[in-house]
Structure formats: C-alpha cells, structure tokens
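Structure first, then comments.
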Amino acid sequence: MLMANTCTETCPICGIQIENGEKVIFSAGPVGTRARLWARVCNYVKKDDCINRDPNQVGEVTYNDYYRPL
C-alpha cells in the first residue's frame with residue numbers, strides 16, 4: 001500500500017497545524033478549514049507571523065465558520 005506524503009505546517013503564533021495546505025487540526029473538535037481558522041482565531045490575533053493570513057489560501061469565510069456558542 002502506498003502512503004501519501006503529508007506536509008504539515010505549524011503556526012508559530014497559535015500552534016495550530018495545517019496539513020497539506022488545507023486541513024486544519026484544531027486542539028479540540030473536528031478538523032476544519034483555513035476559513036474557519038481565520039474566522040475563529042487569525043482574524044483576532046493579527047500577527048505578522050501567522051501562517052493563515054493570505055486571503056487566497058483562506059478562501060471564502062461563511063457565517064458557519066464563525067464561533068457561535070450554543
């Protein structure tokens with residue numbers, strides 16, 4: 001069986017991991033997208049070293065990407 005190569009980036013600001021440029025591994029809960037990460041974290045942090053600042057990589061942020069408490 002051939003295993004796919006996985007490229008993982010770790011943000012020096014928040015420690016979040018992004019696999020293969022798109023799959024976000026949160027510390028709790030299900031995996032997410034760069035858009036969800038931006039809406040819930042990066043949008044507020046606003047630090048230059050953040051790895052999720054490029055709008056072309058973040059993609060479209062929807063209403064469901066933002067945190068909404070129960």
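In the structure tokens, chains take letters A, B, ... by order of appearance, with residues numbered from 1 within each chain and ligands from 1 in the order shown.
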
Leaving out segment 14-20 of chain A and any residue of its chain fewer than 4 positions from it, which residues lie within 10 Å of it when counting only C-alpha atoms, given as a PDB file with C-alpha atoms, in the first residue's frame?
ATOM      1  CA  ASN A   5       3.042  12.302   1.722  1.00  0.00           C
ATOM      2  CA  THR A   6       1.712  14.713   4.307  1.00  0.00           C
ATOM      3  CA  CYS A   7       3.050  18.238   4.587  1.00  0.00           C
ATOM      4  CA  THR A   8       2.231  19.804   7.949  1.00  0.00           C
ATOM      5  CA  GLU A   9       2.745  23.461   8.836  1.00  0.00           C
ATOM      6  CA  THR A  10       2.566  24.640  12.439  1.00  0.00           C
ATOM      7  CA  VAL A  24      -6.775  22.370   9.897  1.00  0.00           C
ATOM      8  CA  ILE A  25      -6.234  20.278  13.023  1.00  0.00           C
ATOM      9  CA  PHE A  26      -7.813  22.113  15.962  1.00  0.00           C
ATOM     10  CA  SER A  27      -6.812  21.246  19.551  1.00  0.00           C
ATOM     11  CA  VAL A  31     -10.896  19.103  11.643  1.00  0.00           C
ATOM     12  CA  GLY A  32     -11.692  22.347   9.876  1.00  0.00           C
ATOM     13  CA  THR A  33     -10.727  24.635   7.047  1.00  0.00           C
ATOM     14  CA  ARG A  34      -8.458  27.646   6.748  1.00  0.00           C
ATOM     15  CA  LEU A  37      -9.427  29.005  11.437  1.00  0.00           C
ATOM     16  CA  VAL A  41      -8.542  32.772  15.526  1.00  0.00           C
ATOM     17  CA  CYS A  42      -6.415  34.578  12.944  1.00  0.00           C
ATOM     18  CA  VAL A  45      -4.720  37.703  16.540  1.00  0.00           C
ATOM     19  CA  ASP A  49       3.988  35.545  11.752  1.00  0.00           C
ATOM     20  CA  CYS A  50       0.548  33.913  11.400  1.00  0.00           C
ATOM     21  CA  ILE A  51       0.598  31.295   8.605  1.00  0.00           C
ATOM     22  CA  ASN A  52      -3.064  31.857   7.727  1.00  0.00           C
TER      23      ASN A  52
END

**Request:** Run DSSP on the backbone and grab whatever in chain A lands in helix (DSSP H, G or I); send it over as number ranges by chain.
**Result:** A: 34-45, 55-58, 63-65

Okay, now the selection with N, CA, C and O atoms, as a PDB file, in the first residue's frame?
ATOM      1  N   ARG A  34      -9.178  26.396   6.509  1.00  0.00           N
ATOM      2  CA  ARG A  34      -8.458  27.646   6.748  1.00  0.00           C
ATOM      3  C   ARG A  34      -9.434  28.790   6.993  1.00  0.00           C
ATOM      4  O   ARG A  34      -9.166  29.681   7.787  1.00  0.00           O
ATOM      5  N   ALA A  35     -10.576  28.769   6.323  1.00  0.00           N
ATOM      6  CA  ALA A  35     -11.584  29.819   6.511  1.00  0.00           C
ATOM      7  C   ALA A  35     -12.104  29.805   7.947  1.00  0.00           C
ATOM      8  O   ALA A  35     -12.238  30.851   8.587  1.00  0.00           O
ATOM      9  N   ARG A  36     -12.389  28.626   8.464  1.00  0.00           N
ATOM     10  CA  ARG A  36     -12.871  28.520   9.844  1.00  0.00           C
ATOM     11  C   ARG A  36     -11.788  28.961  10.826  1.00  0.00           C
ATOM     12  O   ARG A  36     -12.068  29.667  11.795  1.00  0.00           O
ATOM     13  N   LEU A  37     -10.545  28.580  10.592  1.00  0.00           N
ATOM     14  CA  LEU A  37      -9.427  29.005  11.437  1.00  0.00           C
ATOM     15  C   LEU A  37      -9.302  30.523  11.427  1.00  0.00           C
ATOM     16  O   LEU A  37      -9.146  31.155  12.468  1.00  0.00           O
ATOM     17  N   TRP A  38      -9.402  31.127  10.250  1.00  0.00           N
ATOM     18  CA  TRP A  38      -9.296  32.582  10.144  1.00  0.00           C
ATOM     19  C   TRP A  38     -10.435  33.258  10.922  1.00  0.00           C
ATOM     20  O   TRP A  38     -10.207  34.207  11.670  1.00  0.00           O
ATOM     21  N   ALA A  39     -11.660  32.756  10.739  1.00  0.00           N
ATOM     22  CA  ALA A  39     -12.822  33.370  11.383  1.00  0.00           C
ATOM     23  C   ALA A  39     -12.770  33.262  12.906  1.00  0.00           C
ATOM     24  O   ALA A  39     -13.236  34.156  13.605  1.00  0.00           O
ATOM     25  N   ARG A  40     -12.184  32.187  13.415  1.00  0.00           N
ATOM     26  CA  ARG A  40     -12.200  31.957  14.857  1.00  0.00           C
ATOM     27  C   ARG A  40     -10.931  32.368  15.583  1.00  0.00           C
ATOM     28  O   ARG A  40     -10.958  32.583  16.796  1.00  0.00           O
ATOM     29  N   VAL A  41      -9.807  32.474  14.854  1.00  0.00           N
ATOM     30  CA  VAL A  41      -8.542  32.772  15.526  1.00  0.00           C
ATOM     31  C   VAL A  41      -7.764  33.899  14.843  1.00  0.00           C
ATOM     32  O   VAL A  41      -7.564  34.960  15.422  1.00  0.00           O
ATOM     33  N   CYS A  42      -7.342  33.668  13.628  1.00  0.00           N
ATOM     34  CA  CYS A  42      -6.415  34.578  12.944  1.00  0.00           C
ATOM     35  C   CYS A  42      -6.971  35.991  12.781  1.00  0.00           C
ATOM     36  O   CYS A  42      -6.219  36.964  12.853  1.00  0.00           O
ATOM     37  N   ASN A  43      -8.256  36.100  12.576  1.00  0.00           N
ATOM     38  CA  ASN A  43      -8.918  37.384  12.423  1.00  0.00           C
ATOM     39  C   ASN A  43      -8.693  38.274  13.648  1.00  0.00           C
ATOM     40  O   ASN A  43      -8.608  39.484  13.539  1.00  0.00           O
ATOM     41  N   TYR A  44      -8.568  37.682  14.812  1.00  0.00           N
ATOM     42  CA  TYR A  44      -8.419  38.423  16.057  1.00  0.00           C
ATOM     43  C   TYR A  44      -6.968  38.604  16.475  1.00  0.00           C
ATOM     44  O   TYR A  44      -6.630  39.587  17.118  1.00  0.00           O
ATOM     45  N   VAL A  45      -6.120  37.661  16.115  1.00  0.00           N
ATOM     46  CA  VAL A  45      -4.720  37.703  16.540  1.00  0.00           C
ATOM     47  C   VAL A  45      -3.950  38.794  15.805  1.00  0.00           C
ATOM     48  O   VAL A  45      -3.226  39.568  16.409  1.00  0.00           O
ATOM     49  N   PRO A  55      -5.441  35.844   1.945  1.00  0.00           N
ATOM     50  CA  PRO A  55      -6.844  35.629   1.563  1.00  0.00           C
ATOM     51  C   PRO A  55      -7.023  34.582   0.463  1.00  0.00           C
ATOM     52  O   PRO A  55      -8.043  33.896   0.419  1.00  0.00           O
ATOM     53  N   ASN A  56      -6.036  34.437  -0.414  1.00  0.00           N
ATOM     54  CA  ASN A  56      -6.126  33.435  -1.479  1.00  0.00           C
ATOM     55  C   ASN A  56      -6.073  32.016  -0.922  1.00  0.00           C
ATOM     56  O   ASN A  56      -6.650  31.095  -1.508  1.00  0.00           O
ATOM     57  N   GLN A  57      -5.373  31.815   0.185  1.00  0.00           N
ATOM     58  CA  GLN A  57      -5.311  30.492   0.809  1.00  0.00           C
ATOM     59  C   GLN A  57      -6.481  30.277   1.770  1.00  0.00           C
ATOM     60  O   GLN A  57      -6.972  29.169   1.902  1.00  0.00           O
ATOM     61  N   VAL A  58      -6.914  31.330   2.446  1.00  0.00           N
ATOM     62  CA  VAL A  58      -8.012  31.224   3.404  1.00  0.00           C
ATOM     63  C   VAL A  58      -9.301  30.826   2.698  1.00  0.00           C
ATOM     64  O   VAL A  58     -10.038  29.971   3.163  1.00  0.00           O
ATOM     65  N   TYR A  63     -20.801  32.322   7.219  1.00  0.00           N
ATOM     66  CA  TYR A  63     -21.415  32.539   8.528  1.00  0.00           C
ATOM     67  C   TYR A  63     -21.144  31.363   9.465  1.00  0.00           C
ATOM     68  O   TYR A  63     -20.892  31.545  10.657  1.00  0.00           O
ATOM     69  N   ASN A  64     -21.167  30.159   8.958  1.00  0.00           N
ATOM     70  CA  ASN A  64     -20.951  28.958   9.768  1.00  0.00           C
ATOM     71  C   ASN A  64     -19.518  28.774  10.225  1.00  0.00           C
ATOM     72  O   ASN A  64     -19.248  27.944  11.099  1.00  0.00           O
ATOM     73  N   ASP A  65     -18.575  29.519   9.647  1.00  0.00           N
ATOM     74  CA  ASP A  65     -17.186  29.426  10.054  1.00  0.00           C
ATOM     75  C   ASP A  65     -16.935  30.134  11.383  1.00  0.00           C
ATOM     76  O   ASP A  65     -16.031  29.766  12.127  1.00  0.00           O
TER      77      ASP A  65
END
